[in-house]
file work-v2.txt (compact mmCIF, C-alpha atoms (C1' of nucleotides))
# COMPACT_ATOMS: atom_id res chain seq x y z
CA MET A 1 -24.81 37.51 -63.94
CA ARG A 2 -22.21 34.96 -65.02
CA ILE A 3 -19.52 33.42 -62.88
CA GLY A 4 -16.84 35.97 -63.67
CA GLU A 5 -18.87 38.91 -62.46
CA LEU A 6 -20.04 37.01 -59.38
CA ALA A 7 -16.42 36.23 -58.58
CA GLU A 8 -15.58 39.90 -58.90
CA GLN A 9 -18.53 40.99 -56.75
CA THR A 10 -17.73 38.54 -53.96
CA GLY A 11 -13.95 38.44 -54.12
CA MET A 12 -14.05 34.68 -54.47
CA THR A 13 -12.48 32.73 -57.29
CA ARG A 14 -14.47 31.06 -60.05
CA ASP A 15 -13.08 27.75 -58.89
CA ALA A 16 -14.28 28.29 -55.33
CA ILE A 17 -17.74 29.21 -56.59
CA ARG A 18 -17.89 26.08 -58.75
CA PHE A 19 -16.68 24.07 -55.78
CA TYR A 20 -19.48 25.44 -53.61
CA GLU A 21 -21.92 24.40 -56.30
CA ARG A 22 -20.45 20.89 -56.47
CA ILE A 23 -21.06 20.38 -52.77
CA GLY A 24 -24.55 21.86 -53.02
CA LEU A 25 -24.16 25.24 -51.37
CA ILE A 26 -25.45 27.15 -54.39
CA ARG A 27 -27.66 26.16 -57.35
CA PRO A 28 -27.30 28.46 -60.33
CA GLU A 29 -29.52 28.40 -63.39
CA ARG A 30 -28.03 27.31 -66.66
CA GLY A 31 -27.83 29.41 -69.83
CA PRO A 32 -31.38 30.67 -70.32
CA GLU A 33 -30.56 32.93 -73.25
CA GLY A 34 -28.55 30.86 -75.69
CA ARG A 35 -27.50 27.26 -76.09
CA HIS A 36 -24.29 27.68 -74.14
CA GLY A 37 -24.99 26.22 -70.73
CA TYR A 38 -23.20 28.93 -68.81
CA ARG A 39 -24.08 29.31 -65.13
CA ARG A 40 -26.37 32.30 -64.42
CA TYR A 41 -26.56 33.86 -60.95
CA ASP A 42 -28.94 36.40 -59.50
CA ALA A 43 -28.06 39.06 -56.94
CA SER A 44 -29.18 36.94 -54.00
CA THR A 45 -26.22 34.66 -54.60
CA ILE A 46 -23.87 37.50 -53.68
CA ARG A 47 -25.48 37.68 -50.26
CA ARG A 48 -25.45 33.91 -49.92
CA LEU A 49 -21.75 33.73 -50.68
CA GLY A 50 -21.13 36.57 -48.25
CA LEU A 51 -22.83 34.59 -45.56
CA ILE A 52 -20.78 31.53 -46.46
CA ARG A 53 -17.59 33.53 -46.23
CA GLN A 54 -18.56 34.96 -42.87
CA ALA A 55 -19.60 31.64 -41.39
CA LYS A 56 -16.39 30.05 -42.59
CA ALA A 57 -14.30 32.74 -40.91
CA LEU A 58 -16.23 32.12 -37.72
CA GLY A 59 -15.20 28.48 -37.62
CA PHE A 60 -18.10 26.74 -39.33
CA SER A 61 -17.31 24.02 -41.84
CA LEU A 62 -18.96 24.05 -45.25
CA GLY A 63 -20.96 21.04 -44.10
CA GLU A 64 -22.38 22.94 -41.17
CA ILE A 65 -23.08 25.93 -43.38
CA GLN A 66 -24.95 23.73 -45.80
CA GLU A 67 -27.10 22.35 -43.01
CA LEU A 68 -27.80 25.87 -41.87
CA LEU A 69 -28.71 27.14 -45.32
CA ASP A 70 -30.93 24.15 -45.96
CA ALA A 71 -32.77 24.90 -42.75
CA TRP A 72 -32.89 28.57 -43.57
CA ALA A 73 -34.45 28.11 -46.97
CA ASN A 74 -37.51 25.99 -47.44
CA HIS A 75 -36.13 22.87 -49.05
CA SER A 76 -36.30 19.30 -47.84
CA PHE A 77 -36.90 19.82 -44.11
CA SER A 78 -40.09 19.94 -42.10
CA PRO A 79 -40.64 23.15 -40.12
CA GLU A 80 -39.88 21.23 -36.95
CA GLN A 81 -36.58 19.96 -38.29
CA LYS A 82 -35.68 23.43 -39.48
CA ARG A 83 -36.57 24.88 -36.11
CA ALA A 84 -34.39 22.31 -34.37
CA ILE A 85 -31.43 22.93 -36.64
CA LEU A 86 -31.71 26.69 -36.31
CA ALA A 87 -32.05 26.52 -32.55
CA ASP A 88 -28.99 24.30 -32.43
CA LYS A 89 -26.93 26.67 -34.57
CA ILE A 90 -28.06 29.64 -32.53
CA GLY A 91 -26.76 27.86 -29.45
CA VAL A 92 -23.43 27.24 -31.17
CA VAL A 93 -23.18 30.85 -32.29
CA ASP A 94 -24.04 32.23 -28.86
CA ARG A 95 -21.47 29.99 -27.20
CA LYS A 96 -18.87 31.16 -29.68
CA ILE A 97 -19.72 34.74 -28.81
CA LEU A 98 -19.09 34.06 -25.12
CA GLU A 99 -15.83 32.30 -25.85
CA LEU A 100 -14.66 35.13 -28.06
CA GLN A 101 -15.53 37.66 -25.39
CA GLU A 102 -13.45 35.72 -22.87
CA LEU A 103 -10.63 35.45 -25.35
CA SER A 104 -10.80 39.16 -26.05
CA SER A 105 -10.61 39.91 -22.32
CA GLU A 106 -7.60 37.67 -21.90
CA LEU A 107 -5.84 39.23 -24.85
CA LYS A 108 -6.50 42.69 -23.50
CA LEU A 109 -5.05 41.66 -20.15
CA ALA A 110 -1.98 40.32 -21.91
CA LEU A 111 -1.69 43.58 -23.83
CA ALA A 112 -1.90 45.54 -20.57
CA GLY A 113 0.83 43.33 -19.16
CA ILE A 114 3.10 44.22 -22.04
CA ARG A 115 2.40 47.91 -21.51
CA ASP A 116 3.56 47.50 -17.93
CA GLU A 117 6.74 45.86 -19.12
CA CYS A 118 7.37 48.85 -21.34
CA GLN A 119 6.86 51.25 -18.48
CA GLN A 120 9.73 49.85 -16.44
CA THR A 121 11.92 52.95 -16.88
CA GLY A 122 9.24 55.49 -16.20
CA MET B 1 2.73 14.18 -16.93
CA ARG B 2 3.32 12.07 -20.02
CA ILE B 3 1.47 12.27 -23.32
CA GLY B 4 -1.18 9.72 -22.45
CA GLU B 5 -2.39 11.56 -19.39
CA LEU B 6 -2.26 14.91 -21.17
CA ALA B 7 -4.38 13.43 -23.94
CA GLU B 8 -6.89 12.22 -21.36
CA GLN B 9 -6.97 15.57 -19.56
CA THR B 10 -7.52 17.57 -22.74
CA GLY B 11 -9.61 15.17 -24.77
CA MET B 12 -7.12 15.38 -27.61
CA THR B 13 -5.34 12.43 -29.15
CA ARG B 14 -1.64 11.70 -28.66
CA ASP B 15 -1.18 12.16 -32.39
CA ALA B 16 -2.73 15.61 -32.32
CA ILE B 17 -0.52 16.61 -29.40
CA ARG B 18 2.61 15.38 -31.18
CA PHE B 19 1.46 17.20 -34.29
CA TYR B 20 1.12 20.44 -32.35
CA GLU B 21 4.65 19.94 -31.10
CA ARG B 22 5.97 19.34 -34.61
CA ILE B 23 4.60 22.66 -35.78
CA GLY B 24 5.89 24.43 -32.69
CA LEU B 25 2.73 25.08 -30.69
CA ILE B 26 4.03 23.28 -27.60
CA ARG B 27 7.52 22.44 -26.36
CA PRO B 28 7.61 19.60 -23.85
CA GLU B 29 10.64 18.58 -21.84
CA ARG B 30 12.19 15.25 -22.56
CA GLY B 31 12.58 12.41 -20.03
CA PRO B 32 14.14 14.15 -17.05
CA GLU B 33 13.87 11.20 -14.71
CA GLY B 34 15.23 8.22 -16.62
CA ARG B 35 17.06 7.63 -19.86
CA HIS B 36 13.88 7.14 -21.89
CA GLY B 37 13.33 10.38 -23.76
CA TYR B 38 9.58 10.47 -23.20
CA ARG B 39 7.85 13.83 -23.50
CA ARG B 40 7.01 15.41 -20.12
CA TYR B 41 4.29 18.05 -19.79
CA ASP B 42 3.38 20.32 -16.91
CA ALA B 43 -0.12 21.48 -16.00
CA SER B 44 0.18 24.72 -17.96
CA THR B 45 0.13 22.69 -21.15
CA ILE B 46 -3.44 21.65 -20.41
CA ARG B 47 -4.49 25.28 -20.40
CA ARG B 48 -2.45 25.99 -23.50
CA LEU B 49 -4.10 23.14 -25.40
CA GLY B 50 -7.48 24.33 -24.19
CA LEU B 51 -6.78 27.72 -25.66
CA ILE B 52 -5.68 26.11 -28.90
CA ARG B 53 -8.88 24.12 -29.10
CA GLN B 54 -10.98 27.18 -28.43
CA ALA B 55 -9.21 29.36 -30.94
CA LYS B 56 -9.50 26.65 -33.58
CA ALA B 57 -13.24 26.40 -33.02
CA LEU B 58 -13.46 30.15 -33.43
CA GLY B 59 -11.96 30.04 -36.89
CA PHE B 60 -8.28 30.66 -36.23
CA SER B 61 -5.75 28.50 -38.07
CA LEU B 62 -2.95 26.83 -36.18
CA GLY B 63 -0.60 29.30 -37.85
CA GLU B 64 -2.48 32.25 -36.42
CA ILE B 65 -2.66 30.59 -33.03
CA GLN B 66 1.07 30.09 -33.08
CA GLU B 67 1.65 33.75 -33.82
CA LEU B 68 -0.66 34.66 -30.98
CA LEU B 69 1.00 32.33 -28.49
CA ASP B 70 4.44 33.53 -29.47
CA ALA B 71 3.34 37.09 -28.81
CA TRP B 72 1.67 36.06 -25.58
CA ALA B 73 4.72 34.38 -24.14
CA ASN B 74 8.07 36.13 -24.00
CA HIS B 75 10.00 34.42 -26.78
CA SER B 76 11.57 35.92 -29.83
CA PHE B 77 9.56 39.14 -30.18
CA SER B 78 10.24 42.63 -28.96
CA PRO B 79 7.58 44.13 -26.67
CA GLU B 80 6.53 46.39 -29.51
CA GLN B 81 6.09 43.50 -31.91
CA LYS B 82 4.13 41.58 -29.30
CA ARG B 83 1.96 44.59 -28.65
CA ALA B 84 1.27 44.98 -32.36
CA ILE B 85 0.40 41.31 -32.81
CA LEU B 86 -1.87 41.26 -29.77
CA ALA B 87 -3.61 44.47 -30.82
CA ASP B 88 -4.15 42.97 -34.26
CA LYS B 89 -5.62 39.74 -32.88
CA ILE B 90 -7.84 41.68 -30.50
CA GLY B 91 -9.20 43.52 -33.51
CA VAL B 92 -9.84 40.24 -35.30
CA VAL B 93 -11.57 38.77 -32.26
CA ASP B 94 -13.73 41.82 -31.70
CA ARG B 95 -14.78 41.85 -35.33
CA LYS B 96 -15.67 38.18 -35.09
CA ILE B 97 -17.81 38.96 -32.07
CA LEU B 98 -19.75 41.57 -34.01
CA GLU B 99 -20.21 39.24 -36.96
CA LEU B 100 -21.41 36.44 -34.71
CA GLN B 101 -23.87 38.79 -33.03
CA GLU B 102 -25.27 39.76 -36.42
CA LEU B 103 -25.43 36.12 -37.43
CA SER B 104 -27.19 35.23 -34.21
CA SER B 105 -29.75 37.96 -34.80
CA GLU B 106 -30.40 36.78 -38.32
CA LEU B 107 -30.79 33.20 -37.20
CA LYS B 108 -33.22 34.25 -34.50
CA LEU B 109 -35.25 36.16 -37.07
CA ALA B 110 -35.29 33.08 -39.27
CA LEU B 111 -36.40 30.99 -36.32
CA ALA B 112 -39.19 33.44 -35.58
CA GLY B 113 -40.25 33.19 -39.21
CA ILE B 114 -40.56 29.43 -38.90
CA ARG B 115 -42.61 29.81 -35.75
CA ASP B 116 -45.00 31.99 -37.73
CA GLU B 117 -45.27 29.31 -40.40
CA CYS B 118 -46.18 26.79 -37.74
CA GLN B 119 -48.89 29.04 -36.38
CA GLN B 120 -50.84 29.11 -39.66
CA THR B 121 -53.68 26.96 -38.30
CA GLY B 122 -54.04 28.65 -34.96
C1' DG C 1 12.99 -11.61 -16.49
C1' DT C 2 8.87 -11.16 -18.83
C1' DA C 3 4.34 -9.34 -19.99
C1' DA C 4 1.28 -5.37 -20.09
C1' DA C 5 0.96 -0.83 -20.71
C1' DC C 6 2.93 2.83 -21.83
C1' DA C 7 6.21 5.53 -25.06
C1' DT C 8 9.19 6.46 -29.51
C1' DT C 9 9.95 7.53 -34.73
C1' DG C 10 8.67 7.38 -39.43
C1' DG C 11 5.69 6.86 -42.92
C1' DT C 12 1.30 6.55 -45.24
C1' DG C 13 -3.54 7.81 -45.52
C1' DT C 14 -7.69 10.84 -44.95
C1' DA C 15 -11.07 14.87 -44.99
C1' DT C 16 -11.66 19.50 -46.03
C1' DA C 17 -11.31 23.31 -48.94
C1' DG C 18 -9.93 24.60 -52.32
C1' DT C 19 -6.11 25.87 -56.76
C1' DC C 20 -4.40 25.07 -61.24
C1' DC C 21 -4.23 23.44 -65.50
C1' DA C 22 -5.54 21.24 -70.32
C1' DG C 23 -8.46 20.87 -73.94
C1' DG C 24 -12.20 22.53 -75.57
C1' DG C 25 -16.82 25.35 -76.52
C1' DT C 26 -19.30 30.20 -76.85
C1' DC C 27 -19.98 35.07 -77.72
C1' DA C 28 -19.32 39.84 -79.33
C1' DA C 29 -16.66 42.85 -82.29
C1' DG C 30 -14.47 43.84 -86.37
C1' DC D 1 -14.78 34.05 -89.87
C1' DT D 2 -11.30 34.98 -86.88
C1' DT D 3 -9.64 37.12 -82.48
C1' DG D 4 -10.12 37.86 -77.65
C1' DA D 5 -12.62 37.39 -73.66
C1' DC D 6 -15.28 34.59 -71.47
C1' DC D 7 -17.14 29.91 -70.15
C1' DC D 8 -17.17 24.53 -69.74
C1' DT D 9 -15.53 19.76 -67.75
C1' DG D 10 -12.29 16.72 -65.76
C1' DG D 11 -8.46 15.66 -63.42
C1' DA D 12 -4.29 16.50 -60.92
C1' DC D 13 -2.27 19.03 -57.32
C1' DT D 14 -1.86 21.69 -52.78
C1' DA D 15 -2.18 23.07 -47.74
C1' DT D 16 -4.10 22.22 -43.36
C1' DA D 17 -4.98 19.26 -39.67
C1' DC D 18 -4.75 15.54 -38.26
C1' DA D 19 -5.47 9.60 -37.91
C1' DC D 20 -3.52 5.24 -38.31
C1' DC D 21 -0.22 2.11 -38.58
C1' DA D 22 4.44 -0.78 -37.87
C1' DA D 23 8.48 -1.63 -35.71
C1' DT D 24 10.69 -0.76 -31.68
C1' DG D 25 12.08 0.94 -26.94
C1' DT D 26 10.82 1.80 -21.77
C1' DT D 27 8.49 1.30 -17.39
C1' DT D 28 5.98 -1.06 -14.07
C1' DA D 29 4.33 -5.00 -11.76
C1' DC D 30 4.65 -9.55 -10.68
call {"tool": "encode", "arguments": {"input": "work-v2.txt", "output": "structure tokens"}}
result
Amino acid sequence: MRIGELAEQTGMTRDAIRFYERIGLIRPERGPEGRHGYRRYDASTIRRLGLIRQAKALGFSLGEIQELLDAWANHSFSPEQKRAILADKIGVVDRKILELQELSSELKLALAGIRDECQQTG
Amino acid sequence: MRIGELAEQTGMTRDAIRFYERIGLIRPERGPEGRHGYRRYDASTIRRLGLIRQAKALGFSLGEIQELLDAWANHSFSPEQKRAILADKIGVVDRKILELQELSSELKLALAGIRDECQQTG
DNA sequence: GTAAACATTGGTGTATAGTCCAGGGTCAAG
DNA sequence: CTTGACCCTGGACTATACACCAATGTTTAC
């Protein structure tokens, strides 16, 4: 798959995908079939970009995501380092879940309050 | 309370607090006691800034937070508009919770995988 | 009344996360 | 062998979310 199709599959722009490559989040092959040098992606990259998108929306920076993906895959870290990084991120994620649950409760209370306001006349 | 104490109480910088004011997230009084014009904050601002910090960490932009706070308080929106905005944000938050739970599960699986790797010799 | 410790505005600078070209190369079809 | 659709690099530009001044004013304590 070349960059255009990947962009279509993921809903990201070509520029964003190239940007993610520049900062090391993805590592495509280069033009295995001709002499062109085009980037070639396999299907796993779609999933990887999906995860990046999700993590971003959940408040993780690309730097944090990179750390996470490095720990997830098998490059450059010892198992112990990977374990530590993953455990750390799990803690962050679980704390975010709690915070979001509190936030959701508060918002629902606020919504109920507005309903009451609307019921003033009956 | 003046800006310095508020900064201390919230852990934010004076600059960040002034920035939040510039974009409309907070609206301090101005110098009610002398002729100075200093910003004066009451205790509720601490909570408000805490909420801003939390929402930011959870992936909301300051723009979204502003919308939310406007709907939360009683300014400038009809009850119906506020209800709609709140309901929308609740949906966003609840979806984020689900995504984070999935992410947490995946991370825990990955962590378990690493544990297995470490157990290769015994 | 003056010095320290606070505050003000206004402007510039920074990091992050991209977007948007320009100028060019590549590929498949006709 | 040209046309259109795709790709490349490099650089400039943008929005968000602040940080960091400088020059100046105010408050508090002595």
call {"tool": "interface_residues", "arguments": {"input": "work-v2.txt", "of": "chain D", "to": "chain B", "cutoff": "10 Å", "atoms": "only C-alpha atoms (C1' of nucleotides)", "output": "list of chain:residue names"}}
result
D:DT16, D:DA17, D:DC18, D:DA19, D:DC20, D:DG25, D:DT26, D:DT27
call {"tool": "calpha_fit_and_write", "arguments": {"input": "work-v2.txt", "fixed": "chain B", "moving": "chain A", "output": "compact mmCIF listing (two decimals) with C-alpha atoms, in the frame of the given file"}}
result
# COMPACT_ATOMS: atom_id res chain seq x y z
CA MET A 1 2.67 14.14 -16.90
CA ARG A 2 3.26 12.02 -19.99
CA ILE A 3 1.44 12.26 -23.28
CA GLY A 4 -1.23 9.71 -22.47
CA GLU A 5 -2.46 11.53 -19.41
CA LEU A 6 -2.32 14.89 -21.19
CA ALA A 7 -4.41 13.42 -23.98
CA GLU A 8 -6.92 12.21 -21.44
CA GLN A 9 -7.02 15.56 -19.62
CA THR A 10 -7.54 17.56 -22.80
CA GLY A 11 -9.61 15.16 -24.87
CA MET A 12 -7.11 15.40 -27.68
CA THR A 13 -5.32 12.47 -29.24
CA ARG A 14 -1.65 11.71 -28.69
CA ASP A 15 -1.11 12.17 -32.39
CA ALA A 16 -2.67 15.63 -32.36
CA ILE A 17 -0.51 16.63 -29.41
CA ARG A 18 2.63 15.40 -31.17
CA PHE A 19 1.51 17.25 -34.28
CA TYR A 20 1.15 20.48 -32.33
CA GLU A 21 4.67 19.98 -31.06
CA ARG A 22 6.00 19.37 -34.57
CA ILE A 23 4.65 22.71 -35.73
CA GLY A 24 5.95 24.46 -32.61
CA LEU A 25 2.79 25.11 -30.63
CA ILE A 26 4.05 23.29 -27.55
CA ARG A 27 7.55 22.42 -26.27
CA PRO A 28 7.58 19.58 -23.78
CA GLU A 29 10.59 18.53 -21.74
CA ARG A 30 12.15 15.19 -22.44
CA GLY A 31 12.50 12.32 -19.96
CA PRO A 32 14.09 13.94 -16.91
CA GLU A 33 13.85 10.87 -14.71
CA GLY A 34 15.25 7.98 -16.71
CA ARG A 35 17.01 7.47 -20.00
CA HIS A 36 13.81 7.00 -21.96
CA GLY A 37 13.24 10.28 -23.74
CA TYR A 38 9.52 10.38 -23.12
CA ARG A 39 7.80 13.76 -23.43
CA ARG A 40 6.96 15.34 -20.04
CA TYR A 41 4.25 17.99 -19.72
CA ASP A 42 3.33 20.27 -16.86
CA ALA A 43 -0.17 21.43 -15.97
CA SER A 44 0.15 24.67 -17.91
CA THR A 45 0.11 22.68 -21.13
CA ILE A 46 -3.47 21.64 -20.41
CA ARG A 47 -4.50 25.28 -20.41
CA ARG A 48 -2.44 25.98 -23.51
CA LEU A 49 -4.09 23.16 -25.41
CA GLY A 50 -7.48 24.35 -24.21
CA LEU A 51 -6.76 27.74 -25.65
CA ILE A 52 -5.64 26.15 -28.91
CA ARG A 53 -8.83 24.16 -29.11
CA GLN A 54 -10.95 27.21 -28.44
CA ALA A 55 -9.16 29.41 -30.94
CA LYS A 56 -9.43 26.71 -33.57
CA ALA A 57 -13.18 26.44 -33.06
CA LEU A 58 -13.42 30.19 -33.45
CA GLY A 59 -11.89 30.08 -36.91
CA PHE A 60 -8.22 30.71 -36.23
CA SER A 61 -5.68 28.59 -38.07
CA LEU A 62 -2.88 26.91 -36.16
CA GLY A 63 -0.53 29.39 -37.80
CA GLU A 64 -2.43 32.32 -36.40
CA ILE A 65 -2.61 30.65 -33.01
CA GLN A 66 1.13 30.15 -33.04
CA GLU A 67 1.69 33.81 -33.79
CA LEU A 68 -0.63 34.70 -30.96
CA LEU A 69 1.02 32.39 -28.46
CA ASP A 70 4.47 33.60 -29.45
CA ALA A 71 3.35 37.14 -28.80
CA TRP A 72 1.66 36.13 -25.60
CA ALA A 73 4.71 34.46 -24.13
CA ASN A 74 8.03 36.20 -24.02
CA HIS A 75 9.97 34.48 -26.76
CA SER A 76 11.55 35.96 -29.85
CA PHE A 77 9.56 39.19 -30.21
CA SER A 78 10.26 42.69 -28.99
CA PRO A 79 7.58 44.20 -26.73
CA GLU A 80 6.56 46.46 -29.59
CA GLN A 81 6.11 43.56 -31.97
CA LYS A 82 4.15 41.66 -29.36
CA ARG A 83 1.97 44.67 -28.72
CA ALA A 84 1.28 45.02 -32.44
CA ILE A 85 0.41 41.37 -32.87
CA LEU A 86 -1.86 41.35 -29.84
CA ALA A 87 -3.60 44.53 -30.90
CA ASP A 88 -4.13 43.03 -34.33
CA LYS A 89 -5.59 39.82 -32.93
CA ILE A 90 -7.82 41.75 -30.58
CA GLY A 91 -9.20 43.59 -33.58
CA VAL A 92 -9.84 40.29 -35.36
CA VAL A 93 -11.54 38.83 -32.31
CA ASP A 94 -13.73 41.88 -31.76
CA ARG A 95 -14.80 41.89 -35.40
CA LYS A 96 -15.68 38.23 -35.14
CA ILE A 97 -17.80 38.99 -32.11
CA LEU A 98 -19.77 41.59 -34.06
CA GLU A 99 -20.23 39.25 -36.99
CA LEU A 100 -21.41 36.47 -34.74
CA GLN A 101 -23.87 38.79 -33.05
CA GLU A 102 -25.30 39.74 -36.44
CA LEU A 103 -25.44 36.11 -37.44
CA SER A 104 -27.18 35.22 -34.21
CA SER A 105 -29.77 37.94 -34.81
CA GLU A 106 -30.43 36.72 -38.32
CA LEU A 107 -30.78 33.14 -37.17
CA LYS A 108 -33.21 34.18 -34.47
CA LEU A 109 -35.27 36.06 -37.05
CA ALA A 110 -35.30 32.98 -39.24
CA LEU A 111 -36.38 30.90 -36.25
CA ALA A 112 -39.21 33.35 -35.54
CA GLY A 113 -40.25 33.07 -39.17
CA ILE A 114 -40.55 29.32 -38.84
CA ARG A 115 -42.64 29.72 -35.70
CA ASP A 116 -45.02 31.88 -37.70
CA GLU A 117 -45.26 29.21 -40.35
CA CYS A 118 -46.21 26.72 -37.68
CA GLN A 119 -48.91 28.99 -36.34
CA GLN A 120 -50.86 29.02 -39.59
CA THR A 121 -53.77 26.97 -38.18
CA GLY A 122 -54.09 28.83 -34.93
call {"tool": "residues_near_point", "arguments": {"input": "work-v2.txt", "point": "(12.7, -10.8, -15.2)", "cutoff": "12 Å", "atoms": "all atoms listed in the file", "output": "count of residues only"}}
result
6
call {"tool": "atom_distance", "arguments": {"input": "work-v2.txt", "atom1": "atom CA of Leu98 of chain B", "atom2": "atom CA of Leu103 of chain A"}}
result
14.0 Å
call {"tool": "interface_residues", "arguments": {"input": "work-v2.txt", "of": "chain C", "to": "chain A", "cutoff": "10 Å", "atoms": "all atoms listed in the file", "output": "list in words"}}
result
DT16, DA17, DG18, DT19, DC20, DG25, DT26 and DC27 of chain C
call {"tool": "residues_around", "arguments": {"input": "work-v2.txt", "residues": "Ala87 of chain A", "least_positions_apart": "5", "cutoff": "9 Å", "atoms": "only C-alpha atoms (C1' of nucleotides)", "output": "NGL selection string"}}
result
(:A and (82 or 92)) or (:B and (107-108 or 111))
call {"tool": "interface_residues", "arguments": {"input": "work-v2.txt", "of": "chain A", "to": "chain B", "cutoff": "10 Å", "atoms": "all atoms listed in the file", "output": "number ranges by chain"}}
result
A: 51, 54-61, 68, 71-74, 79-80, 82-87, 89-101, 103-108, 110-115, 117-118
call {"tool": "residues_around", "arguments": {"input": "work-v2.txt", "residues": "Arg14 of chain B", "least_positions_apart": "3", "cutoff": "8 Å", "atoms": "all atoms listed in the file", "output": "PyMOL selection string"}}
result
chain B and resi 3-4+7+17-18
call {"tool": "atom_distance", "arguments": {"input": "work-v2.txt", "atom1": "atom CA of Leu109 of chain A", "atom2": "atom CA of Arg27 of chain B"}}
result
23.8 Å
call {"tool": "residues_near_point", "arguments": {"input": "work-v2.txt", "point": "(5.1, 3.6, -27.0)", "cutoff": "9 Å", "atoms": "all atoms listed in the file", "output": "list in words"}}
result
DA5, DC6, DA7 and DT8 of chain C; DT24, DG25 and DT26 of chain D
call {"tool": "write_last_selection", "arguments": {"input": "work-v2.txt", "atoms": "C-alpha atoms (C1' of nucleotides)", "output": "mmCIF file, in the frame of the given file"}}
result
data_model
loop_
_atom_site.group_PDB
_atom_site.id
_atom_site.type_symbol
_atom_site.label_atom_id
_atom_site.label_comp_id
_atom_site.auth_asym_id
_atom_site.auth_seq_id
_atom_site.Cartn_x
_atom_site.Cartn_y
_atom_site.Cartn_z
ATOM 1 C "C1'" DA C 5 0.960 -0.830 -20.710
ATOM 2 C "C1'" DC C 6 2.930 2.830 -21.830
ATOM 3 C "C1'" DA C 7 6.210 5.530 -25.060
ATOM 4 C "C1'" DT C 8 9.190 6.460 -29.510
ATOM 5 C "C1'" DT D 24 10.690 -0.760 -31.680
ATOM 6 C "C1'" DG D 25 12.080 0.940 -26.940
ATOM 7 C "C1'" DT D 26 10.820 1.800 -21.770
#
call {"tool": "atom_distance", "arguments": {"input": "work-v2.txt", "atom1": "atom CA of Arg2 of chain A", "atom2": "atom C1' of DC7 of chain D"}}
result
8.8 Å
call {"tool": "closest_residue", "arguments": {"input": "work-v2.txt", "among": "B:Pro28, B:Asp116, B:His75, B:Ile46", "to": "Gly11 of chain B", "atoms": "all atoms listed in the file"}}
result
B:Ile46
call {"tool": "axis_aligned_box", "arguments": {"input": "work-v2.txt", "around": "segment 5-17 of chain D", "padding_each_side": "3 Å", "output": "JSON"}}
result
{"center_x": -9.5, "center_y": 26.5, "center_z": -56.7, "size_x": 21.3, "size_y": 27.7, "size_z": 40.0}
